[in-house]
Structures are given as structure tokens and as C-alpha cells.
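Source file: structure22.cif; contents: mmCIF, C-alpha atoms.
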```cif
data_model
#
loop_
_atom_site.label_atom_id
_atom_site.label_comp_id
_atom_site.auth_asym_id
_atom_site.auth_seq_id
_atom_site.Cartn_x
_atom_site.Cartn_y
_atom_site.Cartn_z
CA MET A 1 -35.71 -11.21 -24.98
CA PHE A 2 -35.04 -14.78 -23.80
CA GLU A 3 -35.40 -16.16 -27.31
CA LEU A 4 -32.09 -14.44 -28.13
CA PHE A 5 -30.30 -16.95 -25.89
CA LEU A 6 -31.92 -19.88 -27.72
CA GLN A 7 -30.33 -18.97 -31.03
CA PRO A 8 -27.01 -20.82 -31.66
CA GLU A 9 -25.48 -17.87 -33.52
CA ASN A 10 -25.80 -15.79 -30.35
CA TRP A 11 -24.04 -18.43 -28.23
CA ALA A 12 -20.75 -17.81 -30.03
CA SER A 13 -21.10 -14.05 -29.56
CA LEU A 14 -21.89 -14.48 -25.87
CA ALA A 15 -18.95 -16.84 -25.28
CA THR A 16 -16.51 -14.66 -27.23
CA LEU A 17 -17.61 -11.45 -25.52
CA THR A 18 -17.45 -13.06 -22.07
CA ILE A 19 -13.90 -14.31 -22.65
CA LEU A 20 -12.92 -10.92 -24.07
CA GLU A 21 -14.33 -9.13 -21.02
CA ILE A 22 -12.48 -11.48 -18.66
CA VAL A 23 -9.13 -11.15 -20.46
CA LEU A 24 -9.37 -7.37 -20.74
CA GLY A 25 -10.58 -7.24 -17.14
CA VAL A 26 -7.20 -8.49 -15.90
CA ASP A 27 -5.85 -4.92 -16.08
CA ASN A 28 -8.76 -3.67 -14.02
CA LEU A 29 -8.44 -6.51 -11.51
CA ILE A 30 -4.77 -5.73 -10.87
CA PHE A 31 -5.55 -2.02 -10.49
CA LEU A 32 -8.43 -2.85 -8.14
CA SER A 33 -6.26 -5.16 -6.00
CA ILE A 34 -3.55 -2.53 -5.58
CA LEU A 35 -6.02 0.24 -4.76
CA ALA A 36 -7.86 -1.95 -2.25
CA SER A 37 -4.57 -2.82 -0.53
CA ARG A 38 -4.34 0.84 0.55
CA LEU A 39 -7.46 0.39 2.68
CA PRO A 40 -7.53 -1.03 6.22
CA VAL A 41 -7.58 -4.85 6.16
CA HIS A 42 -11.21 -5.10 7.28
CA GLN A 43 -12.27 -2.74 4.46
CA GLN A 44 -10.35 -4.37 1.60
CA LYS A 45 -12.88 -7.07 0.69
CA LEU A 46 -15.73 -4.54 0.78
CA GLY A 47 -13.67 -2.16 -1.35
CA ARG A 48 -13.07 -4.86 -3.98
CA GLN A 49 -16.74 -5.86 -4.07
CA LEU A 50 -18.02 -2.29 -4.30
CA GLY A 51 -15.36 -1.51 -6.90
CA LEU A 52 -16.49 -4.42 -9.07
CA GLY A 53 -20.10 -3.36 -8.53
CA ALA A 54 -19.19 0.10 -9.80
CA ALA A 55 -17.44 -1.56 -12.75
CA VAL A 56 -20.67 -3.38 -13.70
CA ILE A 57 -22.66 -0.15 -13.57
CA THR A 58 -20.15 1.82 -15.66
CA ARG A 59 -19.82 -0.92 -18.28
CA LEU A 60 -23.58 -1.39 -18.61
CA ALA A 61 -23.99 2.38 -18.86
CA LEU A 62 -21.38 2.47 -21.63
CA LEU A 63 -23.12 -0.37 -23.48
CA ALA A 64 -26.49 1.37 -23.18
CA SER A 65 -24.87 4.52 -24.59
CA ALA A 66 -23.22 2.69 -27.49
CA ALA A 67 -24.73 4.96 -30.15
CA TRP A 68 -23.33 8.01 -28.33
CA ILE A 69 -19.94 6.35 -27.74
CA VAL A 70 -19.48 5.83 -31.48
CA THR A 71 -19.64 9.62 -31.93
CA LEU A 72 -16.67 10.01 -29.55
CA THR A 73 -14.40 8.82 -32.35
CA HIS A 74 -15.29 11.86 -34.44
CA PRO A 75 -12.57 14.59 -34.44
CA VAL A 76 -13.10 17.53 -32.09
CA LEU A 77 -9.68 19.15 -32.56
CA ASP A 78 -7.85 19.48 -35.84
CA PHE A 79 -4.12 20.21 -36.09
CA GLY A 80 -3.63 19.85 -39.81
CA GLU A 81 -2.97 16.17 -40.48
CA TYR A 82 -3.40 15.31 -36.80
CA GLU A 83 -6.96 15.02 -35.48
CA ILE A 84 -8.00 14.44 -31.87
CA SER A 85 -11.30 12.91 -30.80
CA TRP A 86 -12.91 12.61 -27.37
CA ARG A 87 -11.74 8.98 -27.40
CA ASP A 88 -8.14 10.13 -27.80
CA LEU A 89 -8.52 12.62 -24.94
CA LEU A 90 -10.09 9.92 -22.76
CA LEU A 91 -7.23 7.51 -23.46
CA LEU A 92 -4.61 10.22 -22.82
CA ALA A 93 -6.21 11.20 -19.52
CA GLY A 94 -6.59 7.57 -18.47
CA GLY A 95 -3.00 6.75 -19.36
CA LEU A 96 -1.65 9.73 -17.43
CA PHE A 97 -3.84 8.83 -14.44
CA LEU A 98 -2.62 5.22 -14.45
CA MET A 99 1.03 6.23 -14.72
CA ALA A 100 0.67 8.80 -11.93
CA LYS A 101 -1.20 6.39 -9.66
CA ALA A 102 1.27 3.55 -10.23
CA THR A 103 4.23 5.88 -9.65
CA ILE A 104 2.74 7.09 -6.37
CA GLU A 105 2.13 3.50 -5.25
CA ILE A 106 5.72 2.55 -6.14
CA HIS A 107 6.91 5.52 -4.08
CA HIS A 108 4.82 4.34 -1.12
CA ALA A 109 6.21 0.81 -1.49
CA VAL A 110 9.83 1.97 -1.73
CA GLU A 111 9.58 4.52 1.09
CA GLY A 112 7.60 2.11 3.26
CA GLU A 113 4.80 4.54 4.02
CA GLY A 114 1.93 3.01 5.94
CA HIS A 115 -1.79 3.19 5.41
CA GLU A 116 -2.82 6.16 7.44
CA THR A 117 -6.40 6.21 8.60
CA GLY A 118 -7.69 8.82 10.99
CA GLY A 119 -10.88 7.20 12.25
CA LYS A 120 -14.17 6.23 10.64
CA GLU A 121 -14.46 9.37 8.49
CA ALA A 122 -11.01 8.85 6.99
CA VAL A 123 -11.79 5.17 6.33
CA ALA A 124 -15.09 6.06 4.65
CA ALA A 125 -13.39 8.75 2.56
CA GLY A 126 -10.66 6.30 1.58
CA LEU A 127 -13.21 3.63 0.64
CA MET A 128 -15.24 6.07 -1.43
CA GLY A 129 -12.05 7.34 -3.09
CA VAL A 130 -11.09 3.79 -4.10
CA ILE A 131 -14.55 3.13 -5.58
CA VAL A 132 -14.53 6.41 -7.53
CA GLN A 133 -11.02 5.75 -8.91
CA ILE A 134 -12.00 2.22 -9.95
CA ALA A 135 -15.13 3.51 -11.69
CA ILE A 136 -13.16 6.20 -13.53
CA ILE A 137 -10.38 3.94 -14.75
CA ASP A 138 -12.91 1.24 -15.68
CA ILE A 139 -14.41 3.67 -18.19
CA VAL A 140 -10.99 3.98 -19.84
CA PHE A 141 -10.35 0.22 -19.77
CA SER A 142 -13.86 -0.55 -21.04
CA PHE A 143 -13.97 1.92 -23.92
CA ASP A 144 -12.41 -0.29 -26.59
CA THR A 145 -14.09 -3.39 -25.12
CA VAL A 146 -17.49 -1.76 -25.53
CA MET A 147 -16.65 -0.70 -29.08
CA THR A 148 -15.65 -4.32 -29.84
CA ALA A 149 -18.81 -5.66 -28.20
CA VAL A 150 -20.98 -3.32 -30.26
CA GLY A 151 -19.23 -4.55 -33.40
CA MET A 152 -19.73 -8.21 -32.49
CA SER A 153 -23.36 -8.16 -31.39
CA ASP A 154 -26.41 -6.01 -32.06
CA HIS A 155 -28.28 -7.23 -29.00
CA PHE A 156 -27.91 -5.38 -25.70
CA PRO A 157 -29.03 -8.40 -23.57
CA ILE A 158 -26.20 -10.50 -25.04
CA MET A 159 -23.61 -7.80 -24.35
CA ALA A 160 -24.95 -7.12 -20.86
CA THR A 161 -24.93 -10.84 -19.98
CA ALA A 162 -21.29 -11.10 -21.10
CA VAL A 163 -20.34 -8.13 -18.89
CA ILE A 164 -22.15 -9.52 -15.85
CA ALA A 165 -20.69 -13.02 -16.35
CA ALA A 166 -17.17 -11.59 -16.62
CA VAL A 167 -17.58 -9.52 -13.45
CA ILE A 168 -18.89 -12.58 -11.56
CA VAL A 169 -15.68 -14.40 -12.54
CA MET A 170 -13.66 -11.37 -11.40
CA ILE A 171 -15.49 -11.33 -8.04
CA PHE A 172 -14.31 -14.88 -7.33
CA ALA A 173 -10.80 -14.12 -8.63
CA ALA A 174 -10.39 -10.76 -6.87
CA GLU A 175 -9.61 -12.07 -3.38
CA PRO A 176 -6.95 -14.68 -4.31
CA VAL A 177 -5.34 -12.27 -6.79
CA SER A 178 -5.31 -9.46 -4.23
CA ALA A 179 -3.95 -11.73 -1.48
CA PHE A 180 -1.19 -13.01 -3.75
CA VAL A 181 -0.20 -9.52 -4.93
CA THR A 182 -0.14 -7.98 -1.45
CA SER A 183 1.69 -10.91 0.18
CA HIS A 184 4.54 -10.80 -2.34
CA PRO A 185 6.16 -7.33 -2.53
CA THR A 186 8.07 -8.17 -5.71
CA VAL A 187 4.87 -9.29 -7.43
CA LYS A 188 3.16 -6.08 -6.33
CA MET A 189 6.03 -4.05 -7.79
CA LEU A 190 5.71 -6.06 -11.01
CA ALA A 191 1.97 -5.34 -11.09
CA LEU A 192 2.61 -1.62 -10.61
CA SER A 193 5.15 -1.70 -13.43
CA PHE A 194 2.51 -3.42 -15.55
CA LEU A 195 0.10 -0.55 -14.82
CA ILE A 196 2.74 1.95 -15.97
CA LEU A 197 3.16 -0.11 -19.14
CA ILE A 198 -0.61 -0.05 -19.72
CA GLY A 199 -0.60 3.70 -19.09
CA VAL A 200 2.08 4.19 -21.74
CA ALA A 201 0.07 2.05 -24.17
CA LEU A 202 -3.07 4.12 -23.53
CA ILE A 203 -1.19 7.37 -24.12
CA ALA A 204 0.35 5.97 -27.30
CA ASP A 205 -3.10 4.86 -28.48
CA GLY A 206 -4.46 8.32 -27.73
CA LEU A 207 -1.69 9.74 -29.95
CA HIS A 208 -2.63 7.28 -32.74
CA PHE A 209 0.39 5.02 -32.15
CA HIS A 210 -1.37 1.72 -31.50
CA ILE A 211 0.56 -0.91 -29.54
CA PRO A 212 -1.01 -4.39 -29.98
CA LYS A 213 -2.16 -5.71 -26.62
CA ALA A 214 -0.74 -9.12 -27.50
CA TYR A 215 2.75 -7.58 -27.14
CA LEU A 216 1.87 -6.18 -23.72
CA TYR A 217 0.40 -9.44 -22.49
CA PHE A 218 3.42 -11.39 -23.74
CA ALA A 219 5.78 -9.02 -21.91
CA VAL A 220 3.72 -9.34 -18.74
CA ALA A 221 3.42 -13.14 -19.04
CA PHE A 222 7.19 -13.44 -19.52
CA SER A 223 7.88 -11.20 -16.50
CA VAL A 224 5.39 -13.11 -14.36
CA GLY A 225 7.00 -16.39 -15.42
CA VAL A 226 10.44 -15.14 -14.37
CA GLU A 227 9.04 -13.90 -11.05
CA MET A 228 7.37 -17.27 -10.41
CA LEU A 229 10.76 -18.94 -10.89
CA ASN A 230 12.29 -16.46 -8.42
CA LEU A 231 9.56 -17.18 -5.86
CA TRP A 232 10.03 -20.92 -6.32
CA ALA A 233 13.81 -20.60 -5.96
CA ARG A 234 13.46 -18.51 -2.77
CA LYS A 235 11.03 -21.04 -1.34
CA ARG A 236 13.45 -23.90 -2.02
CA ARG A 237 16.33 -21.99 -0.43
CA GLY A 238 14.16 -21.33 2.61
CA ARG A 239 13.44 -25.04 2.99
CA GLN A 240 17.13 -25.90 2.67
CA VAL A 241 18.01 -23.37 5.40
CA GLU A 242 15.36 -24.87 7.70
CA ARG A 243 16.82 -28.35 7.20
CA VAL A 244 20.29 -27.09 8.13
#
```

Write out the structure in this file as C-alpha cells.
Amino acid sequence: MFELFLQPENWASLATLTILEIVLGVDNLIFLSILASRLPVHQQKLGRQLGLGAAVITRLALLASAAWIVTLTHPVLDFGEYEISWRDLLLLAGGLFLMAKATIEIHHAVEGEGHETGGKEAVAAGLMGVIVQIAIIDIVFSFDTVMTAVGMSDHFPIMATAVIAAVIVMIFAAEPVSAFVTSHPTVKMLALSFLILIGVALIADGLHFHIPKAYLYFAVAFSVGVEMLNLWARKRRGRQVERV
């Protein structure tokens, strides 16, 4: 197995797959940060770590089941010229789930509802709920990534190493990303809007209307850039007020 990593042609596949996993993991990281913010403060770090652990397990399971996953693209429902596969149904369900979850979180943010925890049992149930939701949505986010990985490499160890390396990067990035999102309400609202956008894209993809992810990332990058300018402007105004 280790000789695979000594072959230069596999280095490019490993590097490309790792970068791909990290970039596509941004969606999952934002979702994880927002879900974890609903937990009590002392449970949030544990929730993020367990959520990422669940993400590793689900992604490796998907990679190990690559031959079966390919069959999910075969039509299971036929409406004349329109055919629906299990992949389409998975994307539709995932998109609806993301939109519903983001809408509920926006409602909580607007209405100012607190994090209600009724003792240890409620905290445990909330923590388990977060982990389960992360694992479920990770399957949706990882579906196309796994299909791409299978197309780029024939070696499971290479694909598995890329997944594990990407999740290690996400583990280090999770806390600062989560802290930044939760400490800036406008950024959190922007992140929730981004999740709705991703949900719409998943539903469109499930209906065979593919929206290139480059468009989504450009829209998000532009919005984040504008929000960074707003945060910088507010910080400068705050300093000027303090001087006065």
C-alpha cells in the first residue's frame, strides 16, 4: 500500500483531491459552525470535533462504497423525457433540508430566541442531534466530491488520505471560523443566506439544472468582501467615537 505514495503520478492526485476536499468542505464547515452555535458554550467545541469525526466516517464509507454509489446515478423514476435517480432524490432532500434549517436559524436570529437547554439530558440530546444532522448533510455535500475522487484516482488509500488530510485542516479551522461567525451577527446572517443559496443549487442540480459552483463561490466571496468592508468601517467609526 505504501508504495502508492512513492509514485509521483499519485502525488498530483493526492494534492488535487486534498485541495478539492478542503474547498468543498467550506460549505460543511459553515453549516457545522452554525449548528454548533446552538449548543451550550461548553459543548460547542466537542460538537464541532464530533461532527468532523462523523464527517470522516461518512466520507470514508462513501469512498468504500464507490462502486455502489455509481449505480445511484441510474434512473429509478421515469416521467417521459425526465428521469430521476437516487442521486437526484438525495440532492433534492439535502437542498430542502438545508433551506429549512437555514430558514429556522434565521428566524431564531431575528426573533432573538435563546438556546434552551433543560439539563444534562437536553444537552446530550442536542449534541447528538447536531452530530446526526452534520453526518446527514455531509453525505449530500460529499456525494459529488466522492464521484470526482473516484474519477481522479483508482486507489482507495490515496482518496482516503485526501479526505483525512482535509478534515485535519478543517479541525484547525473550525474554531476560528465558528468564533468569527458567532461573534458577528451580520456575518452569521450572511452564512445562513449562503446555506440557502447552496440549498437552492442542490435542488436545481437534483432537477437537472446545474449551477456551476464557481458562480456560487464568486457570489459568496463578493458578499464576504463587502461585509469585511462594513466591519472595517464600523471598527473605524468606533475608534473615532472613543477618541471624541

*Between A:Leu98, A:Ile171, A:Gly126, A:Thr186, which is the closest to A:Gln49 once you count all atoms listed in the file?*
A:Ile171

_Show me the residues around (4.7, -4.2, -11.0) - criterion: an atom at most 12 Å away, all atoms listed in the file counted - as number ranges by chain._
A: 27, 30-31, 34, 99, 102-103, 105-106, 109, 181-182, 184-198, 219-220, 223-224, 227

_as number ranges by chain, please: the residues near A:Val167 (cut-off 9 Å, only C-alpha atoms, same-chain neighbours under 3 positions excluded)._
A: 21-22, 25, 52-53, 55-56, 162-164, 170-172

*Closest of A:Leu35, A:Ala233, A:Leu50, A:Val226 to A:Ile104 - atom-to-atom distances counting only C-alpha atoms*: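 Distance minimum relative to A:Ile104 lands on A:Leu35.
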
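For the pair atom CA of A:Gly129 and atom CA of A:Gln43, the separation is 12.6 Å.
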
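Distances here use all atoms listed in the file; by that measure, the residue among A:Ala201, A:Leu231, A:Leu77, A:Leu39 closest to A:Leu127 is A:Leu39.
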
*Take atom CA of A:Gly95 and atom CA of A:Leu202 and report the distance between them in Å, one decimal.*
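If I compute the distance from atom CA of A:Gly95 to atom CA of A:Leu202, I get 4.9 Å.
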
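This file, queried with the PyMOL selection byres ((chain A and resi 93) around 12), gives the residues Trp86, Arg87, Asp88, Leu89, Leu90, Leu91, Leu92, Gly94, Gly95, Leu96, Phe97, Leu98, Met99, Ala100, Ile136, Ile137, Ile139, Val140, Phe141, Gly199, Val200, Leu202, Ile203, Ala204, Asp205, Gly206 and Leu207 of chain A.
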
*Two-atom distance - atom CA of A:Asp138, atom CA of A:Lys101 (Å)*: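 Separation of atom CA of A:Asp138 and atom CA of A:Lys101: 14.1 Å.
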
*Given the choices A:Val110, A:Ile168, A:Val130, A:Leu46, which gets closest to A:Thr18 if the distance is worked out from only C-alpha atoms?*
A:Ile168

*Go through A:Gln240, A:Ile131, A:Thr16, A:Tyr82 and flag the residue nearest A:Phe209, using only C-alpha atoms for the distances.*
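Of A:Gln240, A:Ile131, A:Thr16, A:Tyr82, the one nearest A:Phe209, counting only C-alpha atoms, is A:Tyr82.
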
_For a quick check of understanding, using only C-alpha atoms, which of A:Pro212, A:Asn230, A:Val132, A:His108 has the smallest distance to A:Ser37?_
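Closest residue, counting only C-alpha atoms: A:His108.
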
Starting from the structure just given, write a file holding stretch 23-93 of chain A with C-alpha atoms, as a compact mmCIF listing (two decimals), in the first residue's frame.
```txt
# COMPACT_ATOMS: atom_id res chain seq x y z
CA VAL A 23 -12.60 23.82 -0.85
CA LEU A 24 -15.82 21.81 -0.98
CA GLY A 25 -15.63 21.37 2.79
CA VAL A 26 -16.17 25.11 3.30
CA ASP A 27 -19.93 24.58 2.94
CA ASN A 28 -19.86 21.86 5.56
CA LEU A 29 -17.67 23.93 7.89
CA ILE A 30 -20.09 26.86 7.81
CA PHE A 31 -23.04 24.53 8.43
CA LEU A 32 -21.16 22.86 11.28
CA SER A 33 -20.27 26.21 12.89
CA ILE A 34 -23.87 27.42 12.83
CA LEU A 35 -25.25 24.14 14.18
CA ALA A 36 -22.65 24.04 16.96
CA SER A 37 -23.52 27.61 17.97
CA ARG A 38 -26.94 26.31 19.06
CA LEU A 39 -25.26 24.21 21.76
CA PRO A 40 -24.22 25.47 25.21
CA VAL A 41 -20.82 27.19 25.07
CA HIS A 42 -19.00 24.37 26.89
CA GLN A 43 -20.41 21.83 24.39
CA GLN A 44 -19.65 23.72 21.17
CA LYS A 45 -16.02 22.61 20.71
CA LEU A 46 -16.96 18.99 21.43
CA GLY A 47 -19.86 19.27 18.98
CA ARG A 48 -17.55 20.56 16.23
CA GLN A 49 -14.97 17.83 16.85
CA LEU A 50 -17.52 15.01 16.95
CA GLY A 51 -19.25 16.47 13.89
CA LEU A 52 -16.00 16.44 11.93
CA GLY A 53 -15.32 12.93 13.20
CA ALA A 54 -18.71 11.87 11.85
CA ALA A 55 -17.83 13.60 8.57
CA VAL A 56 -14.66 11.48 8.25
CA ILE A 57 -16.62 8.28 8.84
CA THR A 58 -19.37 9.15 6.34
CA ARG A 59 -16.89 10.22 3.65
CA LEU A 60 -14.73 7.12 4.05
CA ALA A 61 -17.86 4.97 3.98
CA LEU A 62 -18.94 6.67 0.75
CA LEU A 63 -15.50 6.14 -0.78
CA ALA A 64 -15.50 2.47 0.22
CA SER A 65 -18.94 2.15 -1.41
CA ALA A 66 -17.87 3.88 -4.63
CA ALA A 67 -18.99 1.03 -6.88
CA TRP A 68 -22.46 1.17 -5.30
CA ILE A 69 -22.59 4.98 -5.44
CA VAL A 70 -22.07 4.92 -9.21
CA THR A 71 -25.32 2.94 -9.53
CA LEU A 72 -27.20 5.77 -7.78
CA THR A 73 -26.99 7.77 -11.00
CA HIS A 74 -29.12 5.20 -12.81
CA PRO A 75 -32.78 6.28 -13.28
CA VAL A 76 -35.31 4.90 -10.81
CA LEU A 77 -38.28 7.02 -11.90
CA ASP A 78 -39.18 7.84 -15.48
CA PHE A 79 -41.53 10.68 -16.45
CA GLY A 80 -41.16 10.58 -20.20
CA GLU A 81 -38.16 12.74 -21.07
CA TYR A 82 -37.46 13.45 -17.40
CA GLU A 83 -35.66 10.75 -15.41
CA ILE A 84 -34.94 10.79 -11.67
CA SER A 85 -32.15 8.84 -10.00
CA TRP A 86 -31.38 8.22 -6.33
CA ARG A 87 -28.71 10.92 -6.68
CA ASP A 88 -31.36 13.43 -7.75
CA LEU A 89 -33.60 12.47 -4.82
CA LEU A 90 -30.64 12.78 -2.43
CA LEU A 91 -29.77 16.24 -3.74
CA LEU A 92 -33.41 17.37 -3.57
CA ALA A 93 -33.79 16.14 0.01
```
